[in-house]
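K.L.:
Here it is: the structure, laid out below.
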Amino acid sequence: MTQSSLSTKTGQNFAAVNLGTFSQLHQFKFQAPGVPFKFEGKVFLKQLLDLTSAEISVNMLLPRQSIPFYHKHRLNEEIYIFIRGYGEFQVDERVFPIGEGTVVRVDPEGERCFRNTSDVEELCWIVIQSRANSYPGHTIEDGYGVQKQVSWVDKETV
């Protein structure tokens, strides 16, 4: 399956897509330009959801597999949020354990790679990539309440 075969639902102020379960991510294949192999279990959300401030990918790595390359970024930091499974993460010659509930931030210049050390369980994670040092504020400062009672009755279903 490719990203283009997914159906995105959109409205004036939203976009939504159903990727299926994490165990179904193996059906997605990604091949970076100039790289001789396909990465199974990776789907990018930027085009699917028309993201304007970040690139986000949802990922799955089979048991006993490793990301087969190191990589860095020119401008963007990455935040890895591990949802299921366990393994090891490597940044600049330092290795540490990862697993469900682990969150890792890597600076653009950090040389990174990781692997699934389980014999049976898939390693599942979400990566958020955004411009380093571009957000000096705090989330709570941007949000504001809407003076309206919450209701789920008589709403349009899309």
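Identifiers in the structure tokens: chain A, B, ... in order shown; residue index from 1 per chain; ligand index from 1 in order shown.
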Find the residues around Phe114 (chain A) up to 7 Å (only C-alpha atoms counted), leave out those fewer than 3 positions away in its own chain, and share them as a ChimeraX atom specification.

P.N.:
/A:66-67,88-90

K.L.:
Got a sec to tell me which of chain A DSSP assigns to alpha helix (DSSP H), as a PyMOL selection string?

P.N.:
chain A and resi 46-49+139-142

K.L.:
May I ask which of the residues A:Lys72, A:Arg115, A:Lys38, A:Arg105 is the closest one to Val127 (chain A), counting only C-alpha atoms?

P.N.:
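Among A:Lys72, A:Arg115, A:Lys38, A:Arg105, it is A:Arg105 that comes nearest to Val127 (chain A).
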
K.L.:
Would you mind writing down, as a PDB file with N, CA and C atoms, in the first residue's frame, each residue of chain A that DSSP on the backbone assigns to strand (DSSP E)?

P.N.:
ATOM      1  N   THR A   8      -8.051  10.746   2.848  1.00  0.00           N
ATOM      2  CA  THR A   8      -8.009  11.800   3.856  1.00  0.00           C
ATOM      3  C   THR A   8      -9.349  12.516   3.882  1.00  0.00           C
ATOM      4  N   LYS A   9      -9.899  12.675   5.081  1.00  0.00           N
ATOM      5  CA  LYS A   9     -11.137  13.440   5.255  1.00  0.00           C
ATOM      6  C   LYS A   9     -10.742  14.853   5.650  1.00  0.00           C
ATOM      7  N   THR A  10     -11.355  15.835   5.009  1.00  0.00           N
ATOM      8  CA  THR A  10     -10.992  17.222   5.297  1.00  0.00           C
ATOM      9  C   THR A  10     -12.232  18.078   5.512  1.00  0.00           C
ATOM     10  N   GLY A  11     -12.027  19.144   6.225  1.00  0.00           N
ATOM     11  CA  GLY A  11     -13.046  20.155   6.449  1.00  0.00           C
ATOM     12  C   GLY A  11     -12.359  21.507   6.489  1.00  0.00           C
ATOM     13  N   PHE A  14      -9.688  21.194   9.434  1.00  0.00           N
ATOM     14  CA  PHE A  14      -9.102  19.922   9.854  1.00  0.00           C
ATOM     15  C   PHE A  14      -8.802  19.018   8.664  1.00  0.00           C
ATOM     16  N   ALA A  15      -7.978  18.016   8.948  1.00  0.00           N
ATOM     17  CA  ALA A  15      -7.734  16.897   8.039  1.00  0.00           C
ATOM     18  C   ALA A  15      -7.531  15.668   8.914  1.00  0.00           C
ATOM     19  N   ALA A  16      -8.057  14.514   8.491  1.00  0.00           N
ATOM     20  CA  ALA A  16      -7.950  13.282   9.268  1.00  0.00           C
ATOM     21  C   ALA A  16      -7.726  12.114   8.325  1.00  0.00           C
ATOM     22  N   VAL A  17      -6.920  11.153   8.769  1.00  0.00           N
ATOM     23  CA  VAL A  17      -6.675   9.950   7.983  1.00  0.00           C
ATOM     24  C   VAL A  17      -6.582   8.762   8.932  1.00  0.00           C
ATOM     25  N   LYS A  29       5.360   1.218   2.248  1.00  0.00           N
ATOM     26  CA  LYS A  29       6.768   1.165   1.830  1.00  0.00           C
ATOM     27  C   LYS A  29       7.216   2.581   1.485  1.00  0.00           C
ATOM     28  N   PHE A  30       8.422   2.924   1.941  1.00  0.00           N
ATOM     29  CA  PHE A  30       8.988   4.237   1.640  1.00  0.00           C
ATOM     30  C   PHE A  30      10.394   4.062   1.095  1.00  0.00           C
ATOM     31  N   PHE A  39      12.048   1.163   2.731  1.00  0.00           N
ATOM     32  CA  PHE A  39      11.817   1.044   4.168  1.00  0.00           C
ATOM     33  C   PHE A  39      10.384   0.590   4.370  1.00  0.00           C
ATOM     34  N   GLU A  40      10.208  -0.598   4.924  1.00  0.00           N
ATOM     35  CA  GLU A  40       8.874  -1.141   5.154  1.00  0.00           C
ATOM     36  C   GLU A  40       8.356  -0.666   6.508  1.00  0.00           C
ATOM     37  N   LYS A  42       6.668   2.502   7.153  1.00  0.00           N
ATOM     38  CA  LYS A  42       6.828   3.939   7.399  1.00  0.00           C
ATOM     39  C   LYS A  42       5.834   4.706   6.545  1.00  0.00           C
ATOM     40  N   VAL A  43       5.097   5.625   7.182  1.00  0.00           N
ATOM     41  CA  VAL A  43       4.167   6.471   6.442  1.00  0.00           C
ATOM     42  C   VAL A  43       4.319   7.908   6.954  1.00  0.00           C
ATOM     43  N   PHE A  44       4.485   8.844   6.022  1.00  0.00           N
ATOM     44  CA  PHE A  44       4.629  10.261   6.344  1.00  0.00           C
ATOM     45  C   PHE A  44       3.263  10.941   6.320  1.00  0.00           C
ATOM     46  N   GLU A  55       6.996  17.742  10.057  1.00  0.00           N
ATOM     47  CA  GLU A  55       6.832  16.468   9.356  1.00  0.00           C
ATOM     48  C   GLU A  55       6.651  15.433  10.448  1.00  0.00           C
ATOM     49  N   ILE A  56       5.676  14.579  10.287  1.00  0.00           N
ATOM     50  CA  ILE A  56       5.417  13.516  11.256  1.00  0.00           C
ATOM     51  C   ILE A  56       5.344  12.209  10.483  1.00  0.00           C
ATOM     52  N   SER A  57       5.975  11.176  11.034  1.00  0.00           N
ATOM     53  CA  SER A  57       5.831   9.856  10.431  1.00  0.00           C
ATOM     54  C   SER A  57       5.438   8.852  11.501  1.00  0.00           C
ATOM     55  N   VAL A  58       4.696   7.829  11.079  1.00  0.00           N
ATOM     56  CA  VAL A  58       4.289   6.727  11.936  1.00  0.00           C
ATOM     57  C   VAL A  58       5.031   5.512  11.401  1.00  0.00           C
ATOM     58  N   ASN A  59       5.655   4.729  12.316  1.00  0.00           N
ATOM     59  CA  ASN A  59       6.646   3.744  11.892  1.00  0.00           C
ATOM     60  C   ASN A  59       6.537   2.429  12.642  1.00  0.00           C
ATOM     61  N   MET A  60       7.020   1.369  12.003  1.00  0.00           N
ATOM     62  CA  MET A  60       7.063   0.049  12.594  1.00  0.00           C
ATOM     63  C   MET A  60       8.328  -0.651  12.100  1.00  0.00           C
ATOM     64  N   LEU A  61       9.032  -1.309  13.023  1.00  0.00           N
ATOM     65  CA  LEU A  61      10.242  -2.064  12.687  1.00  0.00           C
ATOM     66  C   LEU A  61      10.066  -3.484  13.206  1.00  0.00           C
ATOM     67  N   ASN A  76      16.475  20.494  11.230  1.00  0.00           N
ATOM     68  CA  ASN A  76      15.372  19.999  12.049  1.00  0.00           C
ATOM     69  C   ASN A  76      15.808  19.066  13.166  1.00  0.00           C
ATOM     70  N   GLU A  77      15.203  19.272  14.352  1.00  0.00           N
ATOM     71  CA  GLU A  77      15.358  18.292  15.419  1.00  0.00           C
ATOM     72  C   GLU A  77      14.273  17.237  15.220  1.00  0.00           C
ATOM     73  N   GLU A  78      14.471  16.075  15.826  1.00  0.00           N
ATOM     74  CA  GLU A  78      13.473  15.015  15.757  1.00  0.00           C
ATOM     75  C   GLU A  78      13.096  14.595  17.169  1.00  0.00           C
ATOM     76  N   ILE A  79      11.813  14.323  17.354  1.00  0.00           N
ATOM     77  CA  ILE A  79      11.300  13.794  18.609  1.00  0.00           C
ATOM     78  C   ILE A  79      10.702  12.430  18.287  1.00  0.00           C
ATOM     79  N   TYR A  80      11.243  11.390  18.915  1.00  0.00           N
ATOM     80  CA  TYR A  80      10.785  10.016  18.729  1.00  0.00           C
ATOM     81  C   TYR A  80       9.929   9.636  19.937  1.00  0.00           C
ATOM     82  N   ILE A  81       8.706   9.162  19.682  1.00  0.00           N
ATOM     83  CA  ILE A  81       7.801   8.730  20.743  1.00  0.00           C
ATOM     84  C   ILE A  81       7.535   7.241  20.520  1.00  0.00           C
ATOM     85  N   PHE A  82       8.061   6.396  21.407  1.00  0.00           N
ATOM     86  CA  PHE A  82       7.940   4.948  21.236  1.00  0.00           C
ATOM     87  C   PHE A  82       6.643   4.456  21.871  1.00  0.00           C
ATOM     88  N   ILE A  83       5.839   3.754  21.067  1.00  0.00           N
ATOM     89  CA  ILE A  83       4.484   3.347  21.421  1.00  0.00           C
ATOM     90  C   ILE A  83       4.424   1.884  21.855  1.00  0.00           C
ATOM     91  N   ARG A  84       5.237   1.044  21.230  1.00  0.00           N
ATOM     92  CA  ARG A  84       5.202  -0.393  21.512  1.00  0.00           C
ATOM     93  C   ARG A  84       6.565  -0.996  21.223  1.00  0.00           C
ATOM     94  N   TYR A  86      10.498  -2.679  22.216  1.00  0.00           N
ATOM     95  CA  TYR A  86      11.690  -2.173  22.884  1.00  0.00           C
ATOM     96  C   TYR A  86      12.907  -2.387  22.002  1.00  0.00           C
ATOM     97  N   GLY A  87      13.963  -1.659  22.316  1.00  0.00           N
ATOM     98  CA  GLY A  87      15.180  -1.755  21.527  1.00  0.00           C
ATOM     99  C   GLY A  87      16.277  -0.891  22.107  1.00  0.00           C
ATOM    100  N   GLU A  88      17.172  -0.452  21.234  1.00  0.00           N
ATOM    101  CA  GLU A  88      18.283   0.404  21.627  1.00  0.00           C
ATOM    102  C   GLU A  88      18.397   1.559  20.652  1.00  0.00           C
ATOM    103  N   PHE A  89      18.712   2.732  21.181  1.00  0.00           N
ATOM    104  CA  PHE A  89      18.865   3.955  20.393  1.00  0.00           C
ATOM    105  C   PHE A  89      20.317   4.386  20.502  1.00  0.00           C
ATOM    106  N   GLN A  90      20.869   4.869  19.390  1.00  0.00           N
ATOM    107  CA  GLN A  90      22.262   5.294  19.358  1.00  0.00           C
ATOM    108  C   GLN A  90      22.333   6.732  18.844  1.00  0.00           C
ATOM    109  N   VAL A  91      23.003   7.599  19.610  1.00  0.00           N
ATOM    110  CA  VAL A  91      23.256   8.974  19.186  1.00  0.00           C
ATOM    111  C   VAL A  91      24.727   9.274  19.461  1.00  0.00           C
ATOM    112  N   ARG A  94      26.778   6.884  21.550  1.00  0.00           N
ATOM    113  CA  ARG A  94      26.207   6.542  22.857  1.00  0.00           C
ATOM    114  C   ARG A  94      24.925   5.758  22.624  1.00  0.00           C
ATOM    115  N   VAL A  95      24.752   4.664  23.373  1.00  0.00           N
ATOM    116  CA  VAL A  95      23.617   3.762  23.207  1.00  0.00           C
ATOM    117  C   VAL A  95      22.812   3.729  24.507  1.00  0.00           C
ATOM    118  N   PHE A  96      21.471   3.753  24.379  1.00  0.00           N
ATOM    119  CA  PHE A  96      20.611   3.658  25.555  1.00  0.00           C
ATOM    120  C   PHE A  96      19.347   2.885  25.184  1.00  0.00           C
ATOM    121  N   PRO A  97      18.689   2.258  26.193  1.00  0.00           N
ATOM    122  CA  PRO A  97      17.491   1.463  25.918  1.00  0.00           C
ATOM    123  C   PRO A  97      16.288   2.350  25.603  1.00  0.00           C
ATOM    124  N   ILE A  98      15.403   1.819  24.764  1.00  0.00           N
ATOM    125  CA  ILE A  98      14.138   2.472  24.438  1.00  0.00           C
ATOM    126  C   ILE A  98      13.021   1.447  24.570  1.00  0.00           C
ATOM    127  N   GLY A  99      11.822   1.922  24.781  1.00  0.00           N
ATOM    128  CA  GLY A  99      10.668   1.042  24.866  1.00  0.00           C
ATOM    129  C   GLY A  99       9.403   1.866  24.958  1.00  0.00           C
ATOM    130  N   VAL A 103      10.561   8.719  25.178  1.00  0.00           N
ATOM    131  CA  VAL A 103      10.537   9.847  24.250  1.00  0.00           C
ATOM    132  C   VAL A 103      11.963  10.357  24.131  1.00  0.00           C
ATOM    133  N   VAL A 104      12.447  10.501  22.890  1.00  0.00           N
ATOM    134  CA  VAL A 104      13.827  10.916  22.632  1.00  0.00           C
ATOM    135  C   VAL A 104      13.821  12.131  21.713  1.00  0.00           C
ATOM    136  N   ARG A 105      14.579  13.182  22.090  1.00  0.00           N
ATOM    137  CA  ARG A 105      14.790  14.331  21.206  1.00  0.00           C
ATOM    138  C   ARG A 105      16.237  14.287  20.749  1.00  0.00           C
ATOM    139  N   VAL A 106      16.448  14.501  19.436  1.00  0.00           N
ATOM    140  CA  VAL A 106      17.796  14.510  18.871  1.00  0.00           C
ATOM    141  C   VAL A 106      17.997  15.824  18.121  1.00  0.00           C
ATOM    142  N   ARG A 112      22.248   9.569  14.365  1.00  0.00           N
ATOM    143  CA  ARG A 112      21.307   8.694  15.031  1.00  0.00           C
ATOM    144  C   ARG A 112      21.003   7.417  14.270  1.00  0.00           C
ATOM    145  N   CYS A 113      20.641   6.401  15.042  1.00  0.00           N
ATOM    146  CA  CYS A 113      20.192   5.117  14.513  1.00  0.00           C
ATOM    147  C   CYS A 113      19.573   4.351  15.684  1.00  0.00           C
ATOM    148  N   PHE A 114      18.727   3.375  15.409  1.00  0.00           N
ATOM    149  CA  PHE A 114      18.212   2.526  16.480  1.00  0.00           C
ATOM    150  C   PHE A 114      17.802   1.183  15.929  1.00  0.00           C
ATOM    151  N   ARG A 115      17.534   0.259  16.860  1.00  0.00           N
ATOM    152  CA  ARG A 115      17.175  -1.101  16.454  1.00  0.00           C
ATOM    153  C   ARG A 115      16.144  -1.698  17.398  1.00  0.00           C
ATOM    154  N   ASN A 116      15.442  -2.699  16.881  1.00  0.00           N
ATOM    155  CA  ASN A 116      14.484  -3.479  17.640  1.00  0.00           C
ATOM    156  C   ASN A 116      15.237  -4.691  18.177  1.00  0.00           C
ATOM    157  N   LEU A 123       8.619  -2.970  16.931  1.00  0.00           N
ATOM    158  CA  LEU A 123       8.909  -1.688  17.573  1.00  0.00           C
ATOM    159  C   LEU A 123       8.112  -0.631  16.814  1.00  0.00           C
ATOM    160  N   CYS A 124       7.230   0.087  17.508  1.00  0.00           N
ATOM    161  CA  CYS A 124       6.374   1.088  16.866  1.00  0.00           C
ATOM    162  C   CYS A 124       6.634   2.453  17.485  1.00  0.00           C
ATOM    163  N   TRP A 125       6.698   3.476  16.631  1.00  0.00           N
ATOM    164  CA  TRP A 125       6.998   4.821  17.115  1.00  0.00           C
ATOM    165  C   TRP A 125       6.452   5.872  16.172  1.00  0.00           C
ATOM    166  N   ILE A 126       6.382   7.091  16.696  1.00  0.00           N
ATOM    167  CA  ILE A 126       6.007   8.274  15.930  1.00  0.00           C
ATOM    168  C   ILE A 126       7.197   9.219  15.974  1.00  0.00           C
ATOM    169  N   VAL A 127       7.532   9.828  14.836  1.00  0.00           N
ATOM    170  CA  VAL A 127       8.608  10.819  14.789  1.00  0.00           C
ATOM    171  C   VAL A 127       8.007  12.161  14.393  1.00  0.00           C
ATOM    172  N   ILE A 128       8.345  13.180  15.159  1.00  0.00           N
ATOM    173  CA  ILE A 128       7.956  14.555  14.838  1.00  0.00           C
ATOM    174  C   ILE A 128       9.231  15.308  14.500  1.00  0.00           C
ATOM    175  N   GLN A 129       9.269  15.872  13.319  1.00  0.00           N
ATOM    176  CA  GLN A 129      10.442  16.616  12.858  1.00  0.00           C
ATOM    177  C   GLN A 129      10.031  18.074  12.675  1.00  0.00           C
ATOM    178  N   SER A 130      10.758  18.973  13.355  1.00  0.00           N
ATOM    179  CA  SER A 130      10.449  20.396  13.221  1.00  0.00           C
ATOM    180  C   SER A 130      11.728  21.215  13.334  1.00  0.00           C
ATOM    181  N   ARG A 131      11.660  22.443  12.880  1.00  0.00           N
ATOM    182  CA  ARG A 131      12.816  23.334  12.859  1.00  0.00           C
ATOM    183  C   ARG A 131      13.350  23.545  14.269  1.00  0.00           C
TER     184      ARG A 131
END

K.L.:
So, with only C-alpha atoms as the atoms that count, which of A:Gln147, A:Ser118, A:Asn13, A:Ser53 lies closest to Ala132 (chain A)?

P.N.:
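Ranking A:Gln147, A:Ser118, A:Asn13, A:Ser53 by distance to Ala132 (chain A), first place goes to A:Ser53.
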